[in-house]
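> Input structure: input00.cif, which contains mmCIF, C-alpha atoms and all ligand atoms.
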```cif
data_query
loop_
_atom_site.label_atom_id
_atom_site.label_comp_id
_atom_site.auth_asym_id
_atom_site.auth_seq_id
_atom_site.Cartn_x
_atom_site.Cartn_y
_atom_site.Cartn_z
CA MET A 29 31.14 13.44 -19.55
CA SER A 30 27.88 13.24 -21.47
CA VAL A 31 24.75 14.90 -20.10
CA ARG A 32 21.94 12.55 -19.04
CA HIS A 33 18.39 13.53 -19.88
CA VAL A 34 16.09 12.37 -17.11
CA ALA A 35 12.32 11.86 -16.93
CA ILE A 36 10.90 11.34 -13.45
CA LEU A 37 7.68 9.38 -13.01
CA GLY A 38 6.34 10.42 -9.61
CA SER A 39 8.51 13.50 -9.12
CA THR A 40 6.49 14.89 -6.19
CA GLY A 41 6.87 11.78 -4.02
CA SER A 42 9.60 10.85 -1.59
CA ILE A 43 11.84 9.20 -4.23
CA GLY A 44 11.03 11.90 -6.82
CA VAL A 45 12.02 14.72 -4.48
CA ASN A 46 15.23 12.94 -3.48
CA THR A 47 16.05 12.38 -7.16
CA LEU A 48 15.67 16.08 -7.90
CA ASP A 49 17.83 16.83 -4.87
CA VAL A 50 20.69 14.82 -6.39
CA ILE A 51 20.09 16.31 -9.85
CA ARG A 52 20.05 19.84 -8.41
CA ALA A 53 23.62 19.36 -7.16
CA HIS A 54 24.87 18.34 -10.64
CA PRO A 55 23.46 20.76 -13.22
CA ASP A 56 26.32 19.96 -15.59
CA ARG A 57 25.48 16.23 -15.61
CA PHE A 58 21.68 16.04 -15.66
CA LYS A 59 18.86 17.78 -17.52
CA VAL A 60 15.23 17.09 -16.60
CA THR A 61 13.03 16.41 -19.63
CA ALA A 62 9.73 15.38 -17.99
CA LEU A 63 8.15 15.44 -14.55
CA THR A 64 4.96 13.63 -13.59
CA ALA A 65 2.75 13.59 -10.51
CA GLY A 66 -0.69 12.51 -9.40
CA LYS A 67 -2.48 15.56 -8.00
CA GLN A 68 0.22 17.54 -6.13
CA VAL A 69 -0.04 20.45 -8.52
CA GLU A 70 1.66 23.16 -6.43
CA ARG A 71 4.75 21.09 -5.77
CA LEU A 72 4.93 20.06 -9.42
CA ALA A 73 4.64 23.70 -10.53
CA GLU A 74 7.59 24.62 -8.29
CA GLN A 75 9.61 21.73 -9.71
CA CYS A 76 8.79 22.84 -13.28
CA ALA A 77 9.85 26.40 -12.46
CA GLU A 78 13.19 25.14 -11.18
CA PHE A 79 13.99 22.37 -13.69
CA ASN A 80 12.14 23.54 -16.78
CA PRO A 81 11.11 20.16 -18.25
CA ALA A 82 9.61 19.92 -21.75
CA ILE A 83 6.60 17.94 -20.45
CA ALA A 84 4.71 17.77 -17.15
CA VAL A 85 1.96 15.22 -16.52
CA VAL A 86 -0.75 15.08 -13.87
CA SER A 87 -3.43 12.46 -13.40
CA ASP A 88 -6.64 14.35 -14.33
CA ALA A 89 -7.97 17.27 -16.37
CA ASP A 90 -8.77 19.43 -13.36
CA SER A 91 -5.20 19.15 -12.04
CA ALA A 92 -3.90 19.91 -15.55
CA THR A 93 -5.93 23.13 -15.69
CA ARG A 94 -4.62 24.21 -12.30
CA LEU A 95 -1.04 23.35 -13.26
CA SER A 96 -1.27 25.22 -16.58
CA LYS A 97 -2.47 28.31 -14.76
CA LEU A 98 0.32 28.17 -12.19
CA LEU A 99 2.91 27.71 -14.95
CA LEU A 100 1.45 30.61 -16.93
CA ASP A 101 1.76 32.83 -13.84
CA LYS A 102 5.39 31.75 -13.48
CA LYS A 103 6.00 32.21 -17.25
CA ILE A 104 7.14 28.58 -17.63
CA ASN A 105 6.47 27.06 -21.05
CA THR A 106 6.37 23.37 -20.05
CA GLN A 107 3.72 21.43 -21.97
CA VAL A 108 1.05 20.12 -19.58
CA LEU A 109 -0.63 16.75 -20.25
CA HIS A 110 -2.85 14.52 -18.18
CA GLY A 111 -3.98 10.92 -17.76
CA PRO A 112 -2.31 7.50 -17.86
CA ASP A 113 -1.48 7.65 -21.60
CA ALA A 114 0.32 10.94 -21.11
CA LEU A 115 2.75 9.19 -18.75
CA VAL A 116 3.87 7.10 -21.72
CA VAL A 117 4.12 10.22 -23.89
CA ALA A 118 6.38 11.78 -21.24
CA ILE A 119 8.75 8.84 -21.72
CA THR A 120 8.63 8.49 -25.48
CA GLU A 121 8.39 12.15 -26.53
CA SER A 122 10.52 14.06 -24.03
CA ASN A 123 13.94 13.06 -25.39
CA CYS A 124 14.98 11.35 -22.18
CA ASP A 125 17.63 8.63 -21.99
CA THR A 126 17.01 7.86 -18.30
CA VAL A 127 13.72 7.22 -16.50
CA MET A 128 13.28 7.29 -12.74
CA ALA A 129 10.30 4.98 -12.15
CA ALA A 130 8.99 6.32 -8.83
CA ILE A 131 5.22 6.20 -9.10
CA VAL A 132 3.83 4.17 -6.24
CA GLY A 133 1.94 0.98 -7.05
CA ALA A 134 0.37 -0.50 -10.15
CA ALA A 135 -0.19 2.94 -11.72
CA GLY A 136 3.51 2.91 -12.60
CA LEU A 137 3.45 -0.33 -14.58
CA VAL A 138 2.53 0.84 -18.08
CA PRO A 139 4.90 3.86 -18.29
CA THR A 140 7.75 1.85 -16.73
CA LEU A 141 7.19 -0.91 -19.29
CA ALA A 142 7.23 1.77 -22.00
CA ALA A 143 10.61 2.95 -20.72
CA ALA A 144 11.90 -0.63 -20.80
CA LYS A 145 10.67 -1.19 -24.36
CA ALA A 146 12.14 2.12 -25.52
CA GLY A 147 15.63 1.09 -24.38
CA LYS A 148 16.00 3.74 -21.67
CA ARG A 149 18.15 3.47 -18.60
CA VAL A 150 15.44 2.48 -16.12
CA LEU A 151 16.03 3.41 -12.49
CA LEU A 152 13.53 1.15 -10.78
CA ALA A 153 12.07 2.33 -7.48
CA ASN A 154 8.50 1.25 -8.35
CA LYS A 155 8.91 -2.36 -7.22
CA GLU A 156 5.18 -3.06 -7.62
CA ALA A 157 5.58 -2.75 -11.42
CA LEU A 158 8.18 -5.53 -11.50
CA VAL A 159 6.30 -7.71 -8.99
CA MET A 160 3.16 -7.49 -11.13
CA SER A 161 4.77 -8.18 -14.45
CA GLY A 162 8.02 -10.13 -13.67
CA ASN A 163 8.93 -12.01 -16.80
CA LEU A 164 7.19 -9.59 -19.16
CA PHE A 165 9.09 -6.65 -17.72
CA MET A 166 12.49 -8.39 -17.81
CA GLN A 167 11.84 -9.43 -21.41
CA ALA A 168 10.87 -5.85 -22.32
CA MET A 169 14.18 -4.65 -20.84
CA LYS A 170 16.06 -7.26 -22.88
CA ASP A 171 14.21 -6.42 -26.10
CA GLY A 172 14.66 -2.68 -25.55
CA GLY A 173 18.38 -3.07 -24.87
CA GLY A 174 18.49 -0.45 -22.09
CA GLU A 175 19.99 -0.69 -18.61
CA LEU A 176 17.99 -1.67 -15.55
CA LEU A 177 19.41 -0.28 -12.31
CA PRO A 178 17.65 -1.05 -9.03
CA ILE A 179 16.98 1.93 -6.75
CA ASP A 180 15.35 0.02 -3.90
CA SER A 181 18.17 0.23 -1.34
CA GLU A 182 18.45 -3.54 -0.83
CA HIS A 183 18.62 -4.37 -4.53
CA ASN A 184 20.94 -1.50 -5.19
CA ALA A 185 23.19 -2.88 -2.44
CA ILE A 186 23.09 -6.37 -3.96
CA PHE A 187 23.78 -4.96 -7.42
CA GLN A 188 26.84 -3.24 -5.98
CA CYS A 189 28.00 -6.50 -4.33
CA LEU A 190 27.61 -8.71 -7.41
CA PRO A 191 30.20 -9.09 -10.14
CA GLY A 192 29.39 -6.69 -13.00
CA GLN A 193 28.41 -9.37 -15.47
CA PHE A 194 26.08 -11.24 -13.07
CA SER A 195 22.73 -9.58 -13.77
CA LYS A 196 23.00 -10.23 -17.51
CA ASN A 197 24.25 -13.78 -17.05
CA PRO A 198 23.79 -15.35 -13.58
CA ASN A 199 26.49 -17.91 -14.27
CA PRO A 200 27.18 -20.49 -11.46
CA SER A 201 30.93 -20.11 -11.99
CA LEU A 202 30.68 -16.65 -10.44
CA GLY A 203 30.05 -18.43 -7.13
CA VAL A 204 27.01 -16.51 -5.87
CA GLU A 205 25.29 -18.73 -3.27
CA GLU A 206 22.70 -16.50 -1.59
CA LEU A 207 21.28 -13.00 -1.51
CA TRP A 208 20.54 -11.68 1.99
CA LEU A 209 17.95 -8.91 2.00
CA THR A 210 18.03 -6.89 5.19
CA ALA A 211 14.85 -5.47 6.77
CA SER A 212 14.55 -3.05 9.67
CA GLY A 213 11.45 -4.85 10.97
CA GLY A 214 9.57 -1.54 10.89
CA PRO A 215 7.99 0.29 13.81
CA PHE A 216 6.29 -2.78 15.35
CA ARG A 217 9.19 -5.21 15.47
CA ASN A 218 9.05 -5.38 19.28
CA LYS A 219 5.48 -4.30 19.99
CA PRO A 220 3.43 -6.90 21.91
CA ILE A 221 1.35 -8.72 19.29
CA GLU A 222 -1.90 -8.04 21.22
CA GLU A 223 -1.34 -4.29 20.75
CA LEU A 224 -1.16 -4.57 16.94
CA ALA A 225 -4.97 -4.70 16.61
CA ALA A 226 -5.28 -1.01 17.49
CA ILE A 227 -2.50 0.35 15.26
CA THR A 228 -3.41 3.61 13.51
CA PRO A 229 -2.20 4.80 10.08
CA GLU A 230 -0.10 7.48 11.79
CA GLN A 231 1.70 4.87 13.93
CA ALA A 232 2.25 2.62 10.90
CA CYS A 233 3.71 5.48 8.85
CA ALA A 234 6.23 6.48 11.53
CA HIS A 235 9.16 4.39 10.33
CA PRO A 236 12.10 4.32 12.75
CA ASN A 237 14.86 4.78 10.12
CA TRP A 238 13.49 5.83 6.72
CA VAL A 239 11.25 8.70 5.60
CA MET A 240 9.03 7.35 2.81
CA GLY A 241 5.61 7.63 1.15
CA ARG A 242 2.64 6.36 3.16
CA LYS A 243 1.97 3.18 1.17
CA ILE A 244 5.52 1.83 1.43
CA SER A 245 5.62 2.87 5.09
CA VAL A 246 2.64 0.62 5.84
CA ASP A 247 4.22 -2.14 3.73
CA SER A 248 7.36 -1.80 5.86
CA ALA A 249 5.33 -2.12 9.05
CA THR A 250 3.60 -5.31 7.82
CA MET A 251 6.81 -6.49 6.07
CA MET A 252 4.83 -6.91 2.84
CA ASN A 253 7.50 -4.54 1.56
CA LYS A 254 10.17 -7.18 2.17
CA GLY A 255 7.94 -9.80 0.57
CA LEU A 256 7.59 -7.65 -2.55
CA GLU A 257 11.37 -7.15 -2.45
CA VAL A 258 12.00 -10.91 -2.40
CA ILE A 259 9.97 -11.18 -5.62
CA GLU A 260 11.77 -8.12 -7.00
CA ALA A 261 15.15 -9.74 -6.26
CA PHE A 262 14.03 -12.98 -7.87
CA TRP A 263 13.37 -11.20 -11.17
CA LEU A 264 16.28 -8.78 -11.04
CA PHE A 265 19.01 -11.27 -10.21
CA GLY A 266 17.74 -14.57 -11.64
CA LEU A 267 18.50 -16.77 -8.61
CA PRO A 268 16.08 -19.44 -7.33
CA LEU A 269 13.78 -18.31 -4.50
CA GLU A 270 15.46 -20.65 -1.98
CA LYS A 271 18.62 -18.60 -2.38
CA ILE A 272 16.96 -15.34 -1.36
CA LYS A 273 16.91 -14.84 2.41
CA VAL A 274 15.52 -12.11 4.67
CA LEU A 275 17.35 -10.91 7.78
CA ILE A 276 16.04 -8.46 10.37
CA HIS A 277 18.63 -5.74 10.87
CA PRO A 278 17.07 -2.92 12.94
CA GLN A 279 19.86 -0.37 12.36
CA SER A 280 19.32 -0.14 8.52
CA VAL A 281 23.03 0.34 7.91
CA VAL A 282 23.86 -2.87 6.04
CA HIS A 283 21.53 -2.47 3.07
CA SER A 284 21.90 -6.08 1.89
CA MET A 285 24.53 -8.75 1.25
CA VAL A 286 25.71 -11.45 -1.15
CA ARG A 287 27.13 -14.73 0.13
CA TYR A 288 29.65 -16.42 -2.14
CA ARG A 289 30.74 -20.04 -2.51
CA ASP A 290 34.23 -19.41 -1.13
CA GLY A 291 32.93 -18.16 2.23
CA SER A 292 33.01 -14.44 1.38
CA VAL A 293 30.02 -12.27 2.23
CA LEU A 294 29.98 -8.87 0.52
CA ALA A 295 27.82 -6.12 2.02
CA GLN A 296 27.01 -2.54 1.10
CA LEU A 297 26.75 -0.17 4.06
CA GLY A 298 25.59 3.42 4.27
CA GLN A 299 23.25 5.89 5.91
CA PRO A 300 19.54 5.10 5.47
CA ASP A 301 19.23 7.81 2.82
CA MET A 302 17.77 7.04 -0.61
CA ARG A 303 19.99 9.65 -2.26
CA THR A 304 22.84 7.10 -2.18
CA PRO A 305 21.15 4.48 -4.40
CA ILE A 306 19.56 7.26 -6.51
CA ALA A 307 22.94 8.90 -7.19
CA TYR A 308 24.44 5.49 -7.91
CA GLY A 309 21.76 4.75 -10.51
CA LEU A 310 21.87 8.19 -12.10
CA ALA A 311 25.63 8.25 -12.58
CA TRP A 312 26.45 4.53 -12.92
CA PRO A 313 29.15 3.36 -13.48
CA GLU A 314 30.60 6.56 -12.06
CA ARG A 315 30.01 7.70 -8.49
CA ILE A 316 28.94 11.22 -7.64
CA GLU A 317 28.32 13.31 -4.55
CA ALA A 318 24.84 12.50 -3.19
CA GLY A 319 24.57 14.97 -0.30
CA VAL A 320 24.61 12.08 2.17
CA ASP A 321 26.49 12.26 5.49
CA PRO A 322 29.46 9.91 5.70
CA LEU A 323 28.87 6.76 7.72
CA SER A 324 30.70 6.57 11.03
CA LEU A 325 31.01 2.98 12.19
CA THR A 326 32.49 4.01 15.51
CA GLN A 327 29.35 5.99 16.33
CA LEU A 328 27.21 2.90 15.80
CA ALA A 329 27.07 0.82 18.93
CA THR A 330 26.05 -2.45 17.27
CA LEU A 331 24.90 -4.02 14.04
CA SER A 332 22.54 -6.89 14.80
CA PHE A 333 20.84 -9.51 12.65
CA SER A 334 18.08 -12.04 13.32
CA GLU A 335 15.51 -14.21 11.57
CA PRO A 336 12.10 -12.63 10.84
CA ASP A 337 9.15 -13.75 12.99
CA LEU A 338 6.59 -15.02 10.47
CA LEU A 339 3.78 -15.09 13.05
CA ARG A 340 4.18 -11.37 13.60
CA PHE A 341 4.59 -10.71 9.87
CA PRO A 342 2.13 -12.98 7.98
CA CYS A 343 2.45 -10.72 4.90
CA LEU A 344 5.99 -11.98 4.43
CA SER A 345 4.76 -15.60 4.33
CA LEU A 346 2.01 -14.62 1.87
CA ALA A 347 4.59 -13.06 -0.44
CA PHE A 348 6.76 -16.20 -0.33
CA TYR A 349 3.64 -18.24 -1.07
CA ALA A 350 2.78 -16.06 -4.09
CA ALA A 351 6.37 -16.11 -5.31
CA ARG A 352 6.44 -19.92 -5.20
CA ALA A 353 3.03 -20.19 -6.86
CA GLY A 354 4.32 -18.00 -9.71
CA GLY A 355 2.22 -17.01 -12.74
CA ASN A 356 -0.21 -14.25 -11.82
CA ALA A 357 -0.09 -14.90 -8.04
CA PRO A 358 2.33 -12.00 -7.37
CA THR A 359 -0.01 -9.73 -9.37
CA VAL A 360 -2.90 -10.80 -7.13
CA LEU A 361 -0.77 -10.35 -3.99
CA ASN A 362 0.20 -6.84 -5.02
CA ALA A 363 -3.29 -5.72 -6.05
CA ALA A 364 -4.96 -7.05 -2.89
CA ASN A 365 -2.27 -5.44 -0.78
CA GLU A 366 -2.68 -2.07 -2.50
CA ILE A 367 -6.43 -2.14 -1.84
CA ALA A 368 -6.04 -3.30 1.75
CA VAL A 369 -3.36 -0.71 2.55
CA ALA A 370 -5.40 2.09 0.97
CA ALA A 371 -8.42 1.03 3.07
CA PHE A 372 -6.27 0.93 6.22
CA LEU A 373 -4.83 4.40 5.49
CA ASP A 374 -8.41 5.59 5.02
CA HIS A 375 -9.39 4.22 8.46
CA GLY A 376 -11.60 1.68 6.68
CA LEU A 377 -9.74 -1.52 7.62
CA PRO A 378 -8.04 -2.57 10.87
CA TYR A 379 -4.29 -3.10 10.62
CA LEU A 380 -4.43 -6.84 11.38
CA GLN A 381 -6.97 -7.38 8.59
CA ILE A 382 -4.48 -6.36 5.86
CA PRO A 383 -2.99 -9.90 5.59
CA VAL A 384 -6.47 -11.42 5.94
CA VAL A 385 -7.71 -9.53 2.86
CA VAL A 386 -4.57 -10.44 0.90
CA GLU A 387 -4.85 -14.12 1.81
CA LYS A 388 -8.55 -14.32 0.96
CA THR A 389 -7.91 -12.71 -2.43
CA LEU A 390 -4.98 -15.03 -3.17
CA ASN A 391 -7.18 -18.03 -2.33
CA ALA A 392 -10.04 -16.78 -4.51
CA ILE A 393 -8.12 -16.46 -7.78
CA SER A 394 -6.62 -19.58 -9.30
CA VAL A 395 -3.07 -19.29 -10.54
CA ALA A 396 -2.78 -18.68 -14.28
CA GLY A 397 -0.18 -17.39 -16.73
CA ALA A 398 0.86 -13.74 -16.72
CA ASP A 399 2.64 -13.45 -20.02
CA SER A 400 0.90 -10.43 -21.54
CA ILE A 401 0.04 -6.97 -20.33
CA GLU A 402 -3.65 -7.72 -20.97
CA LEU A 403 -3.58 -10.80 -18.69
CA ILE A 404 -1.70 -8.90 -16.00
CA LEU A 405 -4.06 -5.93 -16.02
CA ASP A 406 -7.07 -8.26 -16.06
CA THR A 407 -5.75 -10.14 -13.01
CA ASP A 408 -4.97 -6.84 -11.29
CA MET A 409 -8.52 -5.58 -11.85
CA ARG A 410 -10.18 -8.81 -10.68
CA ALA A 411 -8.02 -8.97 -7.56
CA ARG A 412 -8.86 -5.34 -6.70
CA LEU A 413 -12.59 -5.97 -7.03
CA LEU A 414 -12.43 -9.09 -4.87
CA ALA A 415 -10.29 -7.41 -2.22
CA LYS A 416 -12.80 -4.55 -2.04
CA GLU A 417 -15.65 -7.06 -1.65
CA PHE A 418 -13.84 -8.83 1.19
CA ILE A 419 -13.26 -5.50 2.93
CA CYS A 420 -16.95 -4.59 2.64
CA LYS A 421 -17.95 -7.94 4.17
CA LEU A 422 -15.55 -7.73 7.13
P1 LIG A 501 5.13 8.61 -2.66
O1 LIG A 501 3.74 8.27 -2.30
O2 LIG A 501 5.90 9.53 -1.79
O3 LIG A 501 5.17 9.19 -4.15
C1 LIG A 501 4.47 8.60 -5.20
C2 LIG A 501 4.51 9.45 -6.46
O4 LIG A 501 3.67 8.83 -7.45
C3 LIG A 501 3.98 10.87 -6.28
O5 LIG A 501 4.65 11.74 -7.14
C4 LIG A 501 2.52 10.73 -6.72
O6 LIG A 501 1.96 11.95 -7.15
C5 LIG A 501 2.66 9.74 -7.86
N1 LIG A 501 1.43 8.98 -8.08
C6 LIG A 501 0.71 8.31 -7.15
N2 LIG A 501 -0.36 7.73 -7.72
C7 LIG A 501 -0.32 8.05 -9.03
C8 LIG A 501 -1.17 7.77 -10.14
N3 LIG A 501 -2.28 7.02 -10.01
N4 LIG A 501 -0.82 8.25 -11.35
C9 LIG A 501 0.29 9.00 -11.51
N5 LIG A 501 1.12 9.31 -10.49
C10 LIG A 501 0.82 8.84 -9.27
O7 LIG A 501 5.91 7.21 -2.80
P2 LIG A 501 7.47 6.93 -2.61
O8 LIG A 501 7.76 6.62 -1.20
O9 LIG A 501 8.28 7.96 -3.32
O10 LIG A 501 7.61 5.55 -3.40
C11 LIG A 501 7.58 5.50 -4.81
C12 LIG A 501 7.98 4.09 -5.24
O11 LIG A 501 9.32 3.85 -4.85
C13 LIG A 501 7.13 3.00 -4.60
O12 LIG A 501 6.93 1.97 -5.52
C14 LIG A 501 7.99 2.51 -3.45
O13 LIG A 501 7.77 1.16 -3.14
C15 LIG A 501 9.39 2.70 -4.03
N6 LIG A 501 10.43 2.89 -3.02
C16 LIG A 501 10.39 3.97 -2.21
C17 LIG A 501 11.37 4.14 -1.24
C18 LIG A 501 11.38 5.36 -0.34
O14 LIG A 501 12.32 5.52 0.44
N7 LIG A 501 10.40 6.23 -0.40
C19 LIG A 501 12.40 3.19 -1.10
C20 LIG A 501 12.41 2.10 -1.97
C21 LIG A 501 11.43 1.94 -2.94
MG MG A 502 13.70 -1.40 0.11
#
```
Could you render the structure from this file as structure tokens?

Amino acid sequence: MSVRHVAILGSTGSIGVNTLDVIRAHPDRFKVTALTAGKQVERLAEQCAEFNPAIAVVSDADSATRLSKLLLDKKINTQVLHGPDALVVAITESNCDTVMAAIVGAAGLVPTLAAAKAGKRVLLANKEALVMSGNLFMQAMKDGGGELLPIDSEHNAIFQCLPGQFSKNPNPSLGVEELWLTASGGPFRNKPIEELAAITPEQACAHPNWVMGRKISVDSATMMNKGLEVIEAFWLFGLPLEKIKVLIHPQSVVHSMVRYRDGSVLAQLGQPDMRTPIAYGLAWPERIEAGVDPLSLTQLATLSFSEPDLLRFPCLSLAFYAARAGGNAPTVLNAANEIAVAAFLDHGLPYLQIPVVVEKTLNAISVAGADSIELILDTDMRARLLAKEFICKL
């Protein structure tokens, strides 16, 4: 068994912490080469003390000074860097072969692309990076020659249910007819629609089944998360959009399914615990202990499935619209959503205005190509500015 050298982008977040939890249980299999965070300096210092990476990155100079001091006190000789460019250095200079891409949002795009180009095994949690850059990212993976393993639980489930050769060559003879992405429906699946106007950030972040970062928790409540996941599945698995379906499944036990031509439907089931897909990605094609409780089907009363209600979840329709429009529309969708969700979390935008801001921004930017990183970042910036303007005017 060879040792994997792992860099974690976003190590202090929900996915980052779960990744280190799996790594901690397998010191013979995994070594940590780099850890990065935004501003959570104390948590990062503790992680450095435990895992002793060569490089640690934070987002700004002030955080870097604080981290260096904490590491000096702990007598840890990790090199401390800061800023967006240092995230790329953490990938290219830390001797890693595996990168967990777990920064939230567009901030993860450039370092995740760098990992793709450098031929690393990319464990993709940061779906926004792929949604923003679709074709460019998939091409970078191809050119780099590394392995792309989805960590998002639905895509990880689908990956597990597809024939091994499918992702590299989605050949019709393999008989894959449809991908069914499951969605819990979030905390407001059954709430009377008239009550949604007064939703607070705390209510939106209280997901019934999963414990996650605040941004993805709001995305789960609006179902923008599932919309982003449809686009993610489109790029990862190379099937036409019409073959990607969303099913509400409140129990979050069936993580997604693949329907085949011969009538078979393959599903992956498990506890709603991200350590399962994380362990799968880290050890693939082997399977390792993930610290997850075994699933007991007899303890589950029912598994139910239904169609999503698009009136309740307009963000899902907006994502399908952007996916069909193609080009830079998914980049616009993602940027406007990031701005709207941040404003909502900051008590600066009512919950029901999130889709309004996204729709206005989508309508304001005409669809164009998104073939280069410059075009993508330019679209991202313009969409953010417009979304902020719309929020100010509301
Ligand atoms: P989180 O908010 O808990 O963690 C985000 C991490 O990114 C933190 O380490 C933070 O410090 C870092 N970060 C944030 N902004 C940054 C910036 N500007 N520069 C550098 N670092 C920055 O988020 P999370 O829930 O762990 O989600 C991470 C990603 O994984 C998201 O893209 C999310 O959609 C995806 N994902 C998460 C889950 C989950 O269960 N949490 C499941 C599937 C997919
Ligand atoms: Mg998911």
> Looking at A:Val246, A:Met285, A:Val385, A:Ala143, which one is nearest to Ala411 of chain A, with distances taken over all atoms listed in the file?
A:Val385
> Dump the neighbourhood of ligand MG 502 (chain A) as JSON, numbers by chain: all residues within 8 Å, distances computed on only C-alpha atoms and all ligand atoms.
{"A": [180, 181, 182, 183, 211, 253, 254, 257]}
> Extract, using all atoms listed in the file, all DNA, RNA and protein residues at most 12 Å from Leu325 of chain A, discarding same-chain residues fewer than 5 positions from it, and format them as JSON, numbers by chain.
{"A": [279, 281, 282, 297, 298, 299, 330, 331]}
> Give as a PDB file with C-alpha atoms, in the frame of the given file the residues surrounding ligand LIG 501 (chain A) up to a distance of 7 Å, considering only C-alpha atoms and all ligand atoms.

```
ATOM      1  CA  LEU A  37       7.680   9.380 -13.010  1.00  0.00           C
ATOM      2  CA  GLY A  38       6.340  10.420  -9.610  1.00  0.00           C
ATOM      3  CA  SER A  39       8.510  13.500  -9.120  1.00  0.00           C
ATOM      4  CA  THR A  40       6.490  14.890  -6.190  1.00  0.00           C
ATOM      5  CA  GLY A  41       6.870  11.780  -4.020  1.00  0.00           C
ATOM      6  CA  SER A  42       9.600  10.850  -1.590  1.00  0.00           C
ATOM      7  CA  ILE A  43      11.840   9.200  -4.230  1.00  0.00           C
ATOM      8  CA  GLY A  44      11.030  11.900  -6.820  1.00  0.00           C
ATOM      9  CA  THR A  64       4.960  13.630 -13.590  1.00  0.00           C
ATOM     10  CA  ALA A  65       2.750  13.590 -10.510  1.00  0.00           C
ATOM     11  CA  GLY A  66      -0.690  12.510  -9.400  1.00  0.00           C
ATOM     12  CA  LYS A  67      -2.480  15.560  -8.000  1.00  0.00           C
ATOM     13  CA  GLN A  68       0.220  17.540  -6.130  1.00  0.00           C
ATOM     14  CA  VAL A  86      -0.750  15.080 -13.870  1.00  0.00           C
ATOM     15  CA  SER A  87      -3.430  12.460 -13.400  1.00  0.00           C
ATOM     16  CA  PRO A 112      -2.310   7.500 -17.860  1.00  0.00           C
ATOM     17  CA  ALA A 130       8.990   6.320  -8.830  1.00  0.00           C
ATOM     18  CA  ILE A 131       5.220   6.200  -9.100  1.00  0.00           C
ATOM     19  CA  VAL A 132       3.830   4.170  -6.240  1.00  0.00           C
ATOM     20  CA  GLY A 133       1.940   0.980  -7.050  1.00  0.00           C
ATOM     21  CA  ALA A 135      -0.190   2.940 -11.720  1.00  0.00           C
ATOM     22  CA  GLY A 136       3.510   2.910 -12.600  1.00  0.00           C
ATOM     23  CA  ALA A 153      12.070   2.330  -7.480  1.00  0.00           C
ATOM     24  CA  ASN A 154       8.500   1.250  -8.350  1.00  0.00           C
ATOM     25  CA  LYS A 155       8.910  -2.360  -7.220  1.00  0.00           C
ATOM     26  CA  GLU A 156       5.180  -3.060  -7.620  1.00  0.00           C
ATOM     27  CA  ILE A 179      16.980   1.930  -6.750  1.00  0.00           C
ATOM     28  CA  ASP A 180      15.350   0.020  -3.900  1.00  0.00           C
ATOM     29  CA  SER A 181      18.170   0.230  -1.340  1.00  0.00           C
ATOM     30  CA  TRP A 238      13.490   5.830   6.720  1.00  0.00           C
ATOM     31  CA  VAL A 239      11.250   8.700   5.600  1.00  0.00           C
ATOM     32  CA  MET A 240       9.030   7.350   2.810  1.00  0.00           C
ATOM     33  CA  GLY A 241       5.610   7.630   1.150  1.00  0.00           C
ATOM     34  CA  ARG A 242       2.640   6.360   3.160  1.00  0.00           C
ATOM     35  CA  LYS A 243       1.970   3.180   1.170  1.00  0.00           C
ATOM     36  CA  ILE A 244       5.520   1.830   1.430  1.00  0.00           C
ATOM     37  CA  MET A 302      17.770   7.040  -0.610  1.00  0.00           C
TER      38      MET A 302
END
```
> For Ala351 of chain A, which residue among A:Leu373, A:Val258, A:Ala398, A:Ala318 is the nearest when counting all atoms listed in the file?
A:Val258
> Between atom CA of Phe194 of chain A and atom CA of Thr359 of chain A, measure the distance and give it in Å to one decimal.
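Between atom CA of Phe194 of chain A and atom CA of Thr359 of chain A the gap is 26.4 Å.
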> Measuring between all atoms listed in the file, which one of A:Gly354, A:Pro236, A:Pro322, A:Pro305 shows the shortest distance to Ile259 of chain A?
A:Gly354
> Hey, can you check how far atom CA of Gln193 of chain A sits from atom CA of Trp312 of chain A?
14.3 Å
> Can you tell me which residues surround Arg352 of chain A at a distance of at most 12 Å, considering all atoms listed in the file, apart from same-chain residues fewer than 6 positions away, and format the answer as a ChimeraX atom specification?
/A:255,258-259,262,268-270,345-346,358,395
> Counting only C-alpha atoms, which residues come within 6 Å of (13.1, 14.1, -20.0), with the point read in the file's coordinates, and could you list them as number ranges by chain?
A: 33-35, 60-62, 122-124
> In Å to one decimal, how far is atom CA of Leu164 of chain A from atom CA of Thr47 of chain A?
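Atom CA of Leu164 of chain A lies at a distance of 26.6 Å from atom CA of Thr47 of chain A.
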> Nearest to Met128 of chain A among A:Gly266, A:Gly147, A:Gly309, A:Pro378, with distances taken over all atoms listed in the file: which residue is it?
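Looking only at the distances to Met128 of chain A, the closest residue turns out to be A:Gly309.
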> Name the closest residue to Lys102 of chain A among the candidates A:Glu70, A:Glu417, A:Asp399, A:Asp49; distances are taken between atoms, counting only C-alpha atoms.
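Looking at the shortest contact to Lys102 of chain A, the residue is A:Glu70.
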